[in-house]
$ cat upload.tsv   # TSV, C-alpha atoms and all ligand atoms
chain	number	residue	atom	x	y	z
Q	14	MET	CA	24.85	-13.56	-13.51
Q	15	SER	CA	24.72	-17.37	-13.50
Q	16	ARG	CA	22.31	-18.98	-11.08
Q	17	SER	CA	22.77	-21.76	-8.56
Q	18	ASP	CA	19.17	-22.81	-8.19
Q	19	PHE	CA	18.62	-24.81	-5.00
Q	20	ARG	CA	14.90	-23.97	-4.71
Q	21	SER	CA	13.71	-27.38	-5.80
Q	22	ASP	CA	14.71	-30.44	-7.81
Q	23	THR	CA	11.67	-29.61	-9.97
Q	24	VAL	CA	13.78	-26.94	-11.70
Q	25	THR	CA	15.84	-29.52	-13.58
Q	26	THR	CA	15.65	-29.24	-17.36
Q	27	PRO	CA	15.64	-32.19	-19.78
Q	28	THR	CA	19.00	-33.67	-20.76
Q	29	ASP	CA	20.23	-33.76	-24.37
Q	30	ALA	CA	19.46	-37.50	-24.44
Q	31	MET	CA	15.90	-36.74	-23.36
Q	32	ARG	CA	15.44	-34.14	-26.08
Q	33	GLU	CA	16.73	-36.60	-28.68
Q	34	ALA	CA	14.42	-39.32	-27.42
Q	35	MET	CA	11.51	-36.87	-27.43
Q	36	ALA	CA	12.17	-35.90	-31.04
Q	37	ALA	CA	12.38	-39.53	-32.11
Q	38	ALA	CA	9.46	-40.85	-30.00
Q	39	GLU	CA	6.91	-43.11	-31.62
Q	40	VAL	CA	3.50	-41.75	-30.59
Q	41	GLY	CA	-0.23	-42.40	-30.88
Q	42	ASP	CA	-3.44	-41.28	-29.18
Q	43	ASP	CA	-2.95	-42.38	-25.58
Q	44	VAL	CA	-6.58	-41.81	-24.60
Q	45	LEU	CA	-7.39	-44.46	-27.20
Q	46	GLY	CA	-4.64	-46.63	-25.71
Q	47	GLU	CA	-2.44	-46.29	-28.79
Q	48	ASP	CA	0.75	-44.62	-27.64
Q	49	PRO	CA	3.51	-47.25	-27.61
Q	50	THR	CA	6.03	-45.04	-25.82
Q	51	VAL	CA	3.64	-44.31	-22.96
Q	52	GLN	CA	2.92	-48.02	-22.69
Q	53	ARG	CA	6.64	-48.79	-22.51
Q	54	LEU	CA	7.12	-46.20	-19.78
Q	55	GLU	CA	4.15	-47.43	-17.73
Q	56	ALA	CA	5.37	-51.03	-17.97
Q	57	ALA	CA	8.95	-50.05	-17.10
Q	58	VAL	CA	8.01	-48.11	-13.95
Q	59	ALA	CA	5.54	-50.79	-12.85
Q	60	ALA	CA	8.26	-53.42	-13.23
Q	61	ARG	CA	10.69	-51.27	-11.28
Q	62	LEU	CA	8.19	-50.97	-8.42
Q	63	GLY	CA	7.09	-54.61	-8.63
Q	64	LYS	CA	3.51	-53.71	-9.51
Q	65	GLU	CA	1.22	-55.16	-12.20
Q	66	ALA	CA	0.50	-51.95	-14.08
Q	67	GLY	CA	1.30	-48.24	-14.32
Q	68	LEU	CA	-0.40	-45.03	-15.40
Q	69	PHE	CA	1.41	-41.94	-16.71
Q	70	VAL	CA	-0.03	-38.77	-15.15
Q	71	PRO	CA	0.94	-35.12	-15.64
Q	72	SER	CA	1.93	-34.38	-12.05
Q	73	GLY	CA	2.56	-35.75	-8.60
Q	74	THR	CA	-0.41	-33.79	-7.38
Q	75	MET	CA	-2.68	-35.63	-9.77
Q	76	ALA	CA	-1.10	-38.93	-8.71
Q	77	ASN	CA	-1.98	-38.26	-5.08
Q	78	GLN	CA	-5.48	-37.06	-5.90
Q	79	ILE	CA	-6.15	-40.14	-8.02
Q	80	GLY	CA	-5.03	-42.35	-5.13
Q	81	VAL	CA	-7.33	-40.61	-2.66
Q	82	LYS	CA	-10.27	-40.76	-5.07
Q	83	LEU	CA	-9.66	-44.42	-5.83
Q	84	TYR	CA	-9.82	-45.68	-2.28
Q	85	THR	CA	-12.34	-43.41	-0.54
Q	86	GLU	CA	-16.03	-42.48	-0.58
Q	87	PRO	CA	-17.21	-38.93	0.16
Q	88	GLY	CA	-17.41	-38.47	3.94
Q	89	ASP	CA	-14.53	-40.85	4.63
Q	90	GLU	CA	-11.44	-39.89	6.56
Q	91	ILE	CA	-7.84	-40.38	5.51
Q	92	VAL	CA	-4.90	-40.62	7.89
Q	93	ALA	CA	-1.73	-38.82	6.78
Q	94	GLU	CA	1.37	-37.20	8.20
Q	95	ALA	CA	0.55	-33.60	9.17
Q	96	SER	CA	3.11	-31.97	6.88
Q	97	SER	CA	2.57	-34.30	3.92
Q	98	HIS	CA	2.18	-32.89	0.43
Q	99	VAL	CA	-1.25	-34.43	-0.06
Q	100	LEU	CA	-2.57	-32.47	2.92
Q	101	THR	CA	-0.67	-29.23	2.80
Q	102	TYR	CA	0.33	-28.44	-0.79
Q	103	GLU	CA	-2.50	-29.63	-2.97
Q	104	ALA	CA	-4.86	-26.67	-2.56
Q	105	GLY	CA	-7.44	-28.62	-0.58
Q	106	GLY	CA	-7.84	-31.15	-3.38
Q	107	ILE	CA	-8.84	-34.04	-1.13
Q	108	GLY	CA	-11.96	-32.16	-0.02
Q	109	LEU	CA	-12.71	-30.71	-3.42
Q	110	ILE	CA	-12.20	-33.84	-5.49
Q	111	SER	CA	-12.93	-36.71	-3.12
Q	112	GLY	CA	-15.08	-35.08	-0.42
Q	113	VAL	CA	-12.99	-36.57	2.36
Q	114	GLN	CA	-11.57	-35.12	5.54
Q	115	CYS	CA	-8.25	-35.87	7.14
Q	116	ARG	CA	-6.97	-36.93	10.51
Q	117	PRO	CA	-3.37	-35.72	10.52
Q	118	VAL	CA	-0.71	-37.45	12.59
Q	119	ARG	CA	2.38	-35.40	13.37
Q	120	GLY	CA	5.47	-37.42	12.54
Q	121	ASP	CA	8.83	-37.39	14.24
Q	122	HIS	CA	10.89	-35.91	11.38
Q	123	GLY	CA	8.25	-37.14	8.98
Q	124	VAL	CA	7.99	-40.63	10.45
Q	125	MET	CA	4.61	-41.42	12.02
Q	126	ASP	CA	4.47	-43.48	15.20
Q	127	PRO	CA	2.44	-46.64	14.52
Q	128	VAL	CA	0.77	-46.34	17.94
Q	129	GLU	CA	-0.47	-42.84	17.08
Q	130	VAL	CA	-1.58	-43.94	13.63
Q	131	GLU	CA	-3.60	-46.81	15.04
Q	132	ALA	CA	-5.15	-44.43	17.58
Q	133	ALA	CA	-6.12	-42.09	14.71
Q	134	VAL	CA	-8.03	-44.83	12.91
Q	135	ARG	CA	-11.73	-44.55	13.72
Q	136	GLY	CA	-13.68	-47.43	15.15
Q	137	VAL	CA	-16.88	-48.69	13.57
Q	138	ASP	CA	-19.62	-46.44	14.94
Q	139	ILE	CA	-22.58	-44.72	13.29
Q	140	HIS	CA	-21.27	-41.33	14.47
Q	141	LEU	CA	-17.81	-41.63	13.02
Q	142	PRO	CA	-16.32	-41.19	9.58
Q	143	ARG	CA	-14.91	-44.30	8.00
Q	144	SER	CA	-11.10	-44.45	7.98
Q	145	SER	CA	-10.39	-45.84	4.56
Q	146	LEU	CA	-6.92	-44.71	3.50
Q	147	LEU	CA	-3.49	-44.28	5.01
Q	148	CYS	CA	-1.15	-41.93	3.11
Q	149	LEU	CA	2.63	-42.30	3.36
Q	150	GLU	CA	5.34	-40.07	1.88
Q	151	ASN	CA	8.94	-41.17	1.33
Q	152	THR	CA	11.14	-39.20	1.43
Q	153	ASN	CA	9.22	-36.70	3.53
Q	154	ASN	CA	9.70	-33.33	1.90
Q	155	VAL	CA	8.83	-30.82	4.64
Q	156	ALA	CA	10.74	-32.70	7.33
Q	157	GLY	CA	13.87	-32.27	5.19
Q	158	GLY	CA	13.98	-35.19	2.77
Q	159	THR	CA	13.89	-37.64	5.63
Q	160	VAL	CA	13.74	-41.37	4.97
Q	161	VAL	CA	10.93	-43.47	6.41
Q	162	PRO	CA	12.40	-46.86	7.38
Q	163	LEU	CA	11.03	-50.06	5.88
Q	164	GLU	CA	10.09	-51.36	9.36
Q	165	ASN	CA	7.79	-48.37	9.71
Q	166	PHE	CA	6.15	-49.34	6.43
Q	167	ASP	CA	5.68	-52.88	7.81
Q	168	ALA	CA	3.91	-51.46	10.86
Q	169	MET	CA	1.70	-49.24	8.66
Q	170	ARG	CA	0.79	-52.20	6.45
Q	171	ALA	CA	-0.20	-54.24	9.51
Q	172	ILE	CA	-2.43	-51.39	10.76
Q	173	ALA	CA	-4.04	-50.96	7.35
Q	174	ASP	CA	-4.72	-54.69	7.13
Q	175	ARG	CA	-6.21	-54.83	10.62
Q	176	HIS	CA	-8.65	-52.04	9.76
Q	177	GLY	CA	-9.41	-52.81	6.13
Q	178	MET	CA	-7.62	-49.68	4.91
Q	179	LYS	CA	-5.63	-49.07	1.74
Q	180	ILE	CA	-2.18	-47.46	1.56
Q	181	LEU	CA	-1.16	-44.72	-0.88
Q	182	LEU	CA	2.57	-44.06	-1.19
Q	183	ASP	CA	3.65	-40.61	-2.38
Q	184	GLY	CA	7.00	-41.50	-3.89
Q	185	ALA	CA	7.83	-38.12	-5.40
Q	186	ARG	CA	11.34	-38.90	-4.12
Q	187	LEU	CA	11.08	-42.64	-3.53
Q	188	PHE	CA	14.30	-43.41	-5.40
Q	189	HIS	CA	16.11	-40.89	-3.17
Q	190	ALA	CA	14.80	-42.76	-0.12
Q	191	ALA	CA	15.67	-46.16	-1.55
Q	192	ILE	CA	19.26	-45.16	-2.32
Q	193	ALA	CA	19.80	-43.59	1.10
Q	194	ALA	CA	18.29	-46.59	2.89
Q	195	GLY	CA	20.01	-49.18	0.71
Q	196	VAL	CA	16.61	-50.74	0.04
Q	197	ASP	CA	15.08	-51.39	-3.38
Q	198	ALA	CA	12.20	-49.02	-4.19
Q	199	SER	CA	10.00	-52.04	-4.86
Q	200	GLU	CA	10.31	-53.04	-1.19
Q	201	TYR	CA	8.59	-49.83	-0.16
Q	202	ALA	CA	6.05	-50.12	-2.97
Q	203	ALA	CA	5.23	-53.68	-1.91
Q	204	ARG	CA	3.84	-52.33	1.38
Q	205	ALA	CA	1.48	-49.95	-0.47
Q	206	ASP	CA	-1.59	-50.60	-2.58
Q	207	LEU	CA	-0.82	-47.71	-4.88
Q	208	ALA	CA	2.68	-46.24	-5.23
Q	209	TRP	CA	3.85	-43.51	-7.53
Q	210	VAL	CA	7.17	-41.97	-8.49
Q	211	ALA	CA	7.93	-38.59	-10.05
Q	212	LEU	CA	10.03	-38.38	-13.18
Q	213	SER	CA	10.17	-34.59	-13.13
Q	214	LYS	CA	12.01	-33.94	-9.89
Q	215	GLY	CA	15.44	-35.43	-9.22
Q	216	LEU	CA	15.20	-37.54	-12.38
Q	217	SER	CA	15.11	-34.44	-14.64
Q	218	ALA	CA	12.24	-35.28	-17.02
Q	219	PRO	CA	10.20	-32.19	-17.95
Q	220	VAL	CA	6.83	-33.57	-16.85
Q	221	GLY	CA	5.17	-36.53	-15.26
Q	222	SER	CA	4.73	-39.17	-12.63
Q	223	VAL	CA	3.76	-42.83	-12.92
Q	224	VAL	CA	1.15	-44.35	-10.60
Q	225	CYS	CA	1.50	-48.11	-10.07
Q	226	GLY	CA	-0.74	-50.79	-8.61
Q	227	THR	CA	-2.80	-53.84	-9.54
Q	228	ALA	CA	-4.10	-54.02	-13.10
Q	229	GLU	CA	-7.65	-53.56	-11.81
Q	230	ASP	CA	-6.78	-50.48	-9.71
Q	231	ILE	CA	-4.89	-48.92	-12.61
Q	232	ARG	CA	-7.88	-49.55	-14.89
Q	233	ARG	CA	-10.01	-47.60	-12.38
Q	234	ALA	CA	-7.30	-44.95	-11.97
Q	235	ARG	CA	-7.32	-44.36	-15.73
Q	236	ARG	CA	-10.96	-43.38	-15.47
Q	237	VAL	CA	-10.26	-40.98	-12.58
Q	238	ARG	CA	-7.40	-39.43	-14.56
Q	239	LYS	CA	-9.86	-38.83	-17.41
Q	240	VAL	CA	-12.32	-37.12	-15.07
Q	241	LEU	CA	-9.54	-34.84	-13.82
Q	242	GLY	CA	-8.66	-33.87	-17.38
Q	243	GLY	CA	-5.41	-35.81	-17.32
Q	244	GLY	CA	-6.05	-37.94	-20.41
Q	245	MET	CA	-3.33	-36.83	-22.84
Q	246	ARG	CA	-3.09	-37.59	-26.54
Q	247	GLN	CA	0.29	-37.97	-28.34
Q	248	VAL	CA	2.08	-37.83	-25.04
Q	249	GLY	CA	4.75	-40.32	-25.99
Q	250	VAL	CA	6.96	-37.27	-26.57
Q	251	LEU	CA	6.94	-36.76	-22.80
Q	252	ALA	CA	7.01	-40.45	-21.91
Q	253	ALA	CA	10.17	-40.78	-24.02
Q	254	ALA	CA	11.91	-38.32	-21.71
Q	255	GLY	CA	10.53	-40.28	-18.75
Q	256	LEU	CA	12.12	-43.49	-20.04
Q	257	VAL	CA	15.51	-41.76	-20.30
Q	258	ALA	CA	14.96	-40.35	-16.79
Q	259	LEU	CA	14.37	-43.83	-15.44
Q	260	GLU	CA	17.41	-45.25	-17.20
Q	261	THR	CA	19.88	-42.46	-16.42
Q	262	GLY	CA	18.49	-40.48	-13.52
Q	263	VAL	CA	18.32	-42.91	-10.63
Q	264	ASP	CA	21.91	-44.01	-10.03
Q	265	ARG	CA	23.25	-40.46	-10.02
Q	266	LEU	CA	20.99	-39.43	-7.11
Q	267	ALA	CA	23.76	-40.52	-4.73
Q	268	ASP	CA	25.77	-37.51	-5.98
Q	269	ASP	CA	22.91	-35.19	-5.01
Q	270	HIS	CA	22.86	-36.73	-1.54
Q	271	ARG	CA	26.60	-36.27	-1.16
Q	272	ARG	CA	26.41	-32.61	-2.18
Q	273	ALA	CA	23.46	-31.94	0.11
Q	274	ARG	CA	25.43	-33.47	2.93
Q	275	ARG	CA	28.39	-31.19	2.22
Q	276	LEU	CA	26.19	-28.12	2.21
Q	277	ALA	CA	24.49	-29.27	5.42
Q	278	GLU	CA	27.79	-29.75	7.22
Q	279	ALA	CA	28.98	-26.28	6.25
Q	280	ALA	CA	25.64	-24.70	7.16
Q	281	ALA	CA	25.53	-26.47	10.52
Q	282	ALA	CA	28.65	-24.57	11.56
Q	283	LEU	CA	27.03	-21.17	11.07
Q	284	PRO	CA	25.99	-19.10	14.09
Q	285	GLY	CA	22.27	-18.67	14.82
Q	286	THR	CA	21.27	-21.62	12.69
Q	287	SER	CA	20.84	-25.37	12.93
Q	288	VAL	CA	20.65	-28.31	10.58
Q	289	ASP	CA	19.65	-31.81	11.62
Q	290	LEU	CA	22.76	-33.55	10.33
Q	291	GLU	CA	21.67	-36.97	11.52
Q	292	ARG	CA	18.64	-36.88	9.26
Q	293	THR	CA	20.07	-35.01	6.30
Q	294	VAL	CA	20.69	-38.09	4.18
Q	295	THR	CA	19.03	-37.25	0.85
Q	296	ASN	CA	18.95	-34.21	-1.43
Q	297	ILE	CA	17.14	-31.74	0.84
Q	298	VAL	CA	18.83	-29.51	3.39
Q	299	LEU	CA	16.63	-27.62	5.85
Q	300	LEU	CA	18.41	-24.71	7.42
Q	301	ARG	CA	16.67	-23.46	10.57
Q	302	PHE	CA	17.29	-19.99	11.95
Q	303	ASP	CA	16.97	-19.02	15.59
Q	304	GLU	CA	15.18	-15.88	14.29
Q	305	PRO	CA	12.47	-15.63	11.61
Q	306	ARG	CA	14.86	-14.57	8.86
Q	307	ALA	CA	14.44	-17.17	6.10
Q	308	ARG	CA	12.97	-14.67	3.63
Q	309	GLU	CA	15.65	-12.06	4.30
Q	310	VAL	CA	18.48	-14.59	3.89
Q	311	ALA	CA	16.86	-15.97	0.71
Q	312	ASP	CA	16.64	-12.47	-0.75
Q	313	ARG	CA	20.25	-11.70	0.08
Q	314	LEU	CA	21.46	-15.01	-1.36
Q	315	ALA	CA	19.47	-14.28	-4.52
Q	316	GLU	CA	21.46	-11.06	-4.97
Q	317	HIS	CA	24.46	-13.36	-5.46
Q	318	GLY	CA	22.65	-15.76	-7.79
Q	319	VAL	CA	22.02	-18.41	-5.12
Q	320	LEU	CA	18.36	-19.38	-4.93
Q	321	ALA	CA	16.81	-21.24	-1.99
Q	322	MET	CA	13.17	-21.71	-0.92
Q	323	PRO	CA	11.77	-20.36	2.36
Q	324	MET	CA	9.52	-23.10	3.80
Q	325	ALA	CA	8.54	-21.15	6.94
Q	326	ALA	CA	9.59	-17.88	8.57
Q	327	ASP	CA	12.55	-19.63	10.18
Q	328	ARG	CA	13.27	-22.36	7.63
Q	329	LEU	CA	15.11	-22.24	4.32
Q	330	ARG	CA	15.22	-25.26	1.99
Q	331	PHE	CA	18.10	-26.14	-0.30
Q	332	CYS	CA	17.57	-28.94	-2.79
Q	333	THR	CA	20.39	-30.54	-4.76
Q	334	HIS	CA	19.81	-32.03	-8.22
Q	335	ARG	CA	21.46	-32.66	-11.59
Q	336	LEU	CA	22.10	-28.97	-12.28
Q	337	ILE	CA	23.89	-28.39	-8.97
Q	338	ASP	CA	27.58	-29.26	-9.00
Q	339	ASP	CA	30.37	-28.98	-6.44
Q	340	ASP	CA	31.03	-25.35	-7.42
Q	341	ASP	CA	27.39	-24.44	-6.76
Q	342	VAL	CA	27.68	-25.94	-3.30
Q	343	GLU	CA	30.86	-23.96	-2.66
Q	344	ARG	CA	29.18	-20.79	-3.89
Q	345	ALA	CA	26.13	-21.29	-1.65
Q	346	THR	CA	28.33	-22.09	1.34
Q	347	HIS	CA	30.47	-19.02	0.78
Q	348	HIS	CA	27.55	-16.59	0.51
Q	349	LEU	CA	25.68	-18.17	3.40
Q	350	GLN	CA	28.75	-17.68	5.57
Q	351	GLN	CA	29.03	-14.05	4.49
Q	352	ILE	CA	25.36	-13.29	5.14
Q	353	VAL	CA	24.78	-15.23	8.34
Q	354	SER	CA	28.08	-14.66	10.14
R	1	LIG	N1	6.80	-30.68	-4.29
R	1	LIG	C1	7.26	-29.37	-4.72
R	1	LIG	C2	6.34	-28.29	-4.17
R	1	LIG	O1	5.02	-28.56	-4.47
R	1	LIG	C3	6.48	-28.10	-2.70
R	1	LIG	C4	8.69	-29.18	-4.26
R	1	LIG	O2	9.30	-28.22	-4.76
R	1	LIG	O3	9.17	-29.98	-3.45
R	1	LIG	N2	4.58	-35.01	-3.28
R	1	LIG	C5	5.73	-34.49	-2.82
R	1	LIG	C6	6.41	-35.12	-1.66
R	1	LIG	C7	6.28	-33.36	-3.43
R	1	LIG	O4	7.40	-32.85	-2.94
R	1	LIG	C8	5.63	-32.79	-4.54
R	1	LIG	C9	6.17	-31.55	-5.20
R	1	LIG	C10	4.43	-33.39	-5.00
R	1	LIG	C11	3.94	-34.49	-4.32
R	1	LIG	C12	3.64	-32.84	-6.16
R	1	LIG	O5	4.29	-33.04	-7.36
R	1	LIG	P1	3.95	-32.11	-8.63
R	1	LIG	O6	4.68	-30.83	-8.41
R	1	LIG	O7	4.47	-32.90	-9.78
R	1	LIG	O8	2.48	-31.94	-8.67
$ encode --input "upload.tsv" --output "structure tokens"
Amino acid sequence: MSRSDFRSDTVTTPTDAMREAMAAAEVGDDVLGEDPTVQRLEAAVAARLGKEAGLFVPSGTMANQIGVKLYTEPGDEIVAEASSHVLTYEAGGIGLISGVQCRPVRGDHGVMDPVEVEAAVRGVDIHLPRSSLLCLENTNNVAGGTVVPLENFDAMRAIADRHGMKILLDGARLFHAAIAAGVDASEYAARADLAWVALSKGLSAPVGSVVCGTAEDIRRARRVRKVLGGGMRQVGVLAAAGLVALETGVDRLADDHRRARRLAEAAAALPGTSVDLERTVTNIVLLRFDEPRAREVADRLAEHGVLAMPMAADRLRFCTHRLIDDDDVERATHHLQQIVS
């Protein structure tokens, strides 16, 4: 049975053009700074985000952990949205690797209120941890691929500047946000000290993210990546796929948004469920059930080759990406109707 895999945009496989570029890639030892393809990729992403320099890392998780390590001392506190990836899906890495704790701020559909963020920043007092880093995520995954508006970024930048804090932007799906908001990704990145994008999610590369910032911060980040075991040798074979991802993967994201929207509209009409149509503007659809039946519905959909990811007892996530076409959306809609109605 063929599969319509909506679990995540991480399931995308490399395109033929990527495989060709990988086979032809010029490579060298990147830990010695000698891989020309990696250097091209790092420069290309940095230019795209308007930053001085970039660093190719194996995963988004490592990108976040490098950012936290770079801008904090053990015992510091970071401020982040309560459902953000860096807090909830990185296996406690911030405590393990950087020795920091977190003051979570619950966002409204992933968007933190600047007043609450400022209130979460500690004052200067011998009893208190030092608030050194503010973490932003755009789009916000758990809230349903929601877009954080640029004005919110402006407010966060002003808070960070008032309190001498740095900003880390988790841009696992920054291009999705930029397309939906009609804003260039570099506008968001400009409000952050360190911003990274994933090549391996909607953009279809097999592996990798690129962390971007000032040349000095990236020089320091390279050292942290080494400590974490992320120094890779002839990794131009992967960077080559990343370059193709950057060139061919971004513009087509609008198709993923359109398909997600179609699925969301159909799902919203089902009994006993809800979808926040107003905020479903990128490639993630969060289907909420009145009852805790996400696992049961996921299992029954899987019997028909439609895969979705339970995010909570009452929440099922559908992600659109390059390997989901209009027929997959029809198929998911049809089986959802059969199971839920
Ligand atoms: N997210 C994955 C899972 O880990 C949940 C997914 O399927 O969505 N930041 C954000 C916002 C992410 O969504 C992810 C991956 C990461 C960071 C981590 O990236 P990787 O998987 O490359 O370490």
$ atom_distance --input "upload.tsv" --atom1 "CA of Ala171 (chain Q)" --atom2 "CA of Val124 (chain Q)"
15.9 Å
$ residues_near_ligand --input "upload.tsv" --ligand "ligand LIG 1 (chain R)" --cutoff "8 Å" --atoms "all atoms listed in the file" --output "PyMOL selection string"
chain Q and resi 20-23+71-77+97-99+102-103+150-155+183-186+211+213-214+220-222
$ residues_near_point --input "upload.tsv" --point "(-7.7, -43.8, 7.4)" --cutoff "10 Å" --atoms "all atoms listed in the file" --output "NGL selection string"
:Q and (85 or 89-93 or 114-117 or 130-131 or 133-135 or 142-148 or 172-173 or 176-180)
$ closest_atom_pairs --input "upload.tsv" --of "region 141-228 of chain Q" --to "region 263-274 of chain Q" --cutoff "8 Å" --atoms "all atoms listed in the file" --output "tab-separated table"
residue	atom	partner	partner_atom	distance
Q:Phe188	CA	Q:Val263	CA	6.6
Q:His189	CA	Q:Leu266	CA	6.4
Q:Ile192	CA	Q:Ala267	CA	6.9
Q:Ala193	CA	Q:Ala267	CA	7.7
Q:Gly215	CA	Q:Leu266	CA	7.2
Q:Leu216	CA	Q:Val263	CA	6.5
$ closest_residue --input "upload.tsv" --among "Q:Leu336, Q:Ile352, Q:Val160, Q:Ala281" --to "Ser15 (chain Q)" --atoms "all atoms listed in the file"
Q:Leu336
$ closest_residue --input "upload.tsv" --among "Q:Leu212, Q:Ala326, Q:Ala59, Q:Val319" --to "Gly255 (chain Q)" --atoms "only C-alpha atoms"
Q:Leu212
$ residues_near_point --input "upload.tsv" --point "(11.5, -50.1, -6.0)" --cutoff "7 Å" --atoms "only C-alpha atoms" --output "list of chain:residue names"
Q:Arg61, Q:Leu62, Q:Gly63, Q:Asp197, Q:Ala198, Q:Ser199, Q:Glu200, Q:Tyr201, Q:Ala202
$ residues_around --input "upload.tsv" --residues "region 241-254 of chain Q" --least-positions-apart "5" --cutoff "10 Å" --atoms "only C-alpha atoms" --output "PyMOL selection string"
chain Q and resi 27-55+69-72+75+78-79+110+212-213+216-223+235-236+259-260
$ write_last_selection --input "upload.tsv" --atoms "C-alpha atoms" --output "mmCIF file, in the frame of the given file"
data_model
loop_
_atom_site.group_PDB
_atom_site.id
_atom_site.type_symbol
_atom_site.label_atom_id
_atom_site.label_comp_id
_atom_site.auth_asym_id
_atom_site.auth_seq_id
_atom_site.Cartn_x
_atom_site.Cartn_y
_atom_site.Cartn_z
ATOM 1 C CA PRO Q 27 15.640 -32.190 -19.780
ATOM 2 C CA THR Q 28 19.000 -33.670 -20.760
ATOM 3 C CA ASP Q 29 20.230 -33.760 -24.370
ATOM 4 C CA ALA Q 30 19.460 -37.500 -24.440
ATOM 5 C CA MET Q 31 15.900 -36.740 -23.360
ATOM 6 C CA ARG Q 32 15.440 -34.140 -26.080
ATOM 7 C CA GLU Q 33 16.730 -36.600 -28.680
ATOM 8 C CA ALA Q 34 14.420 -39.320 -27.420
ATOM 9 C CA MET Q 35 11.510 -36.870 -27.430
ATOM 10 C CA ALA Q 36 12.170 -35.900 -31.040
ATOM 11 C CA ALA Q 37 12.380 -39.530 -32.110
ATOM 12 C CA ALA Q 38 9.460 -40.850 -30.000
ATOM 13 C CA GLU Q 39 6.910 -43.110 -31.620
ATOM 14 C CA VAL Q 40 3.500 -41.750 -30.590
ATOM 15 C CA GLY Q 41 -0.230 -42.400 -30.880
ATOM 16 C CA ASP Q 42 -3.440 -41.280 -29.180
ATOM 17 C CA ASP Q 43 -2.950 -42.380 -25.580
ATOM 18 C CA VAL Q 44 -6.580 -41.810 -24.600
ATOM 19 C CA LEU Q 45 -7.390 -44.460 -27.200
ATOM 20 C CA GLY Q 46 -4.640 -46.630 -25.710
ATOM 21 C CA GLU Q 47 -2.440 -46.290 -28.790
ATOM 22 C CA ASP Q 48 0.750 -44.620 -27.640
ATOM 23 C CA PRO Q 49 3.510 -47.250 -27.610
ATOM 24 C CA THR Q 50 6.030 -45.040 -25.820
ATOM 25 C CA VAL Q 51 3.640 -44.310 -22.960
ATOM 26 C CA GLN Q 52 2.920 -48.020 -22.690
ATOM 27 C CA ARG Q 53 6.640 -48.790 -22.510
ATOM 28 C CA LEU Q 54 7.120 -46.200 -19.780
ATOM 29 C CA GLU Q 55 4.150 -47.430 -17.730
ATOM 30 C CA PHE Q 69 1.410 -41.940 -16.710
ATOM 31 C CA VAL Q 70 -0.030 -38.770 -15.150
ATOM 32 C CA PRO Q 71 0.940 -35.120 -15.640
ATOM 33 C CA SER Q 72 1.930 -34.380 -12.050
ATOM 34 C CA MET Q 75 -2.680 -35.630 -9.770
ATOM 35 C CA GLN Q 78 -5.480 -37.060 -5.900
ATOM 36 C CA ILE Q 79 -6.150 -40.140 -8.020
ATOM 37 C CA ILE Q 110 -12.200 -33.840 -5.490
ATOM 38 C CA LEU Q 212 10.030 -38.380 -13.180
ATOM 39 C CA SER Q 213 10.170 -34.590 -13.130
ATOM 40 C CA LEU Q 216 15.200 -37.540 -12.380
ATOM 41 C CA SER Q 217 15.110 -34.440 -14.640
ATOM 42 C CA ALA Q 218 12.240 -35.280 -17.020
ATOM 43 C CA PRO Q 219 10.200 -32.190 -17.950
ATOM 44 C CA VAL Q 220 6.830 -33.570 -16.850
ATOM 45 C CA GLY Q 221 5.170 -36.530 -15.260
ATOM 46 C CA SER Q 222 4.730 -39.170 -12.630
ATOM 47 C CA VAL Q 223 3.760 -42.830 -12.920
ATOM 48 C CA ARG Q 235 -7.320 -44.360 -15.730
ATOM 49 C CA ARG Q 236 -10.960 -43.380 -15.470
ATOM 50 C CA LEU Q 259 14.370 -43.830 -15.440
ATOM 51 C CA GLU Q 260 17.410 -45.250 -17.200
#
$ residues_around --input "upload.tsv" --residues "region 297-299 of chain Q" --least-positions-apart "4" --cutoff "8 Å" --atoms "only C-alpha atoms" --output "PyMOL selection string"
chain Q and resi 154+156-158+270+273-274+276-277+288-289+293+328-333
$ axis_aligned_box --input "upload.tsv" --around "region 100-117 of chain Q" --padding-each-side "3 Å" --output "lines of an AutoDock Vina configuration file"
center_x = -7.4
center_y = -31.8
center_z = 2.5
size_x = 21.4
size_y = 16.3
size_z = 22.0
$ atom_distance --input "upload.tsv" --atom1 "CA of Met125 (chain Q)" --atom2 "CA of Pro87 (chain Q)"
25.0 Å
$ residues_around --input "upload.tsv" --residues "Thr227 (chain Q)" --least-positions-apart "2" --cutoff "6 Å" --atoms "all atoms listed in the file" --output "number ranges by chain"
Q: 65-66, 229-230
$ atom_distance --input "upload.tsv" --atom1 "CA of Asp121 (chain Q)" --atom2 "CA of Asn165 (chain Q)"
11.9 Å
$ closest_residue --input "upload.tsv" --among "Q:Pro305, Q:Gly67, Q:Gly136, Q:Gly108" --to "Arg232 (chain Q)" --atoms "all atoms listed in the file"
Q:Gly67
$ residues_around --input "upload.tsv" --residues "Val353 (chain Q)" --least-positions-apart "4" --cutoff "8 Å" --atoms "all atoms listed in the file" --output "PyMOL selection string"
chain Q and resi 283-285+310+349
$ closest_residue --input "upload.tsv" --among "Q:Leu300, Q:Leu181, Q:Leu100, Q:Val128" --to "Met322 (chain Q)" --atoms "only C-alpha atoms"
Q:Leu300
$ residues_around --input "upload.tsv" --residues "Ile337 (chain Q)" --least-positions-apart "3" --cutoff "8 Å" --atoms "all atoms listed in the file" --output "number ranges by chain"
Q: 17-19, 269, 333-334, 340-342
$ closest_residue --input "upload.tsv" --among "Q:Val210, Q:Ala345, Q:Ala104, Q:Ala279" --to "Leu68 (chain Q)" --atoms "all atoms listed in the file"
Q:Val210
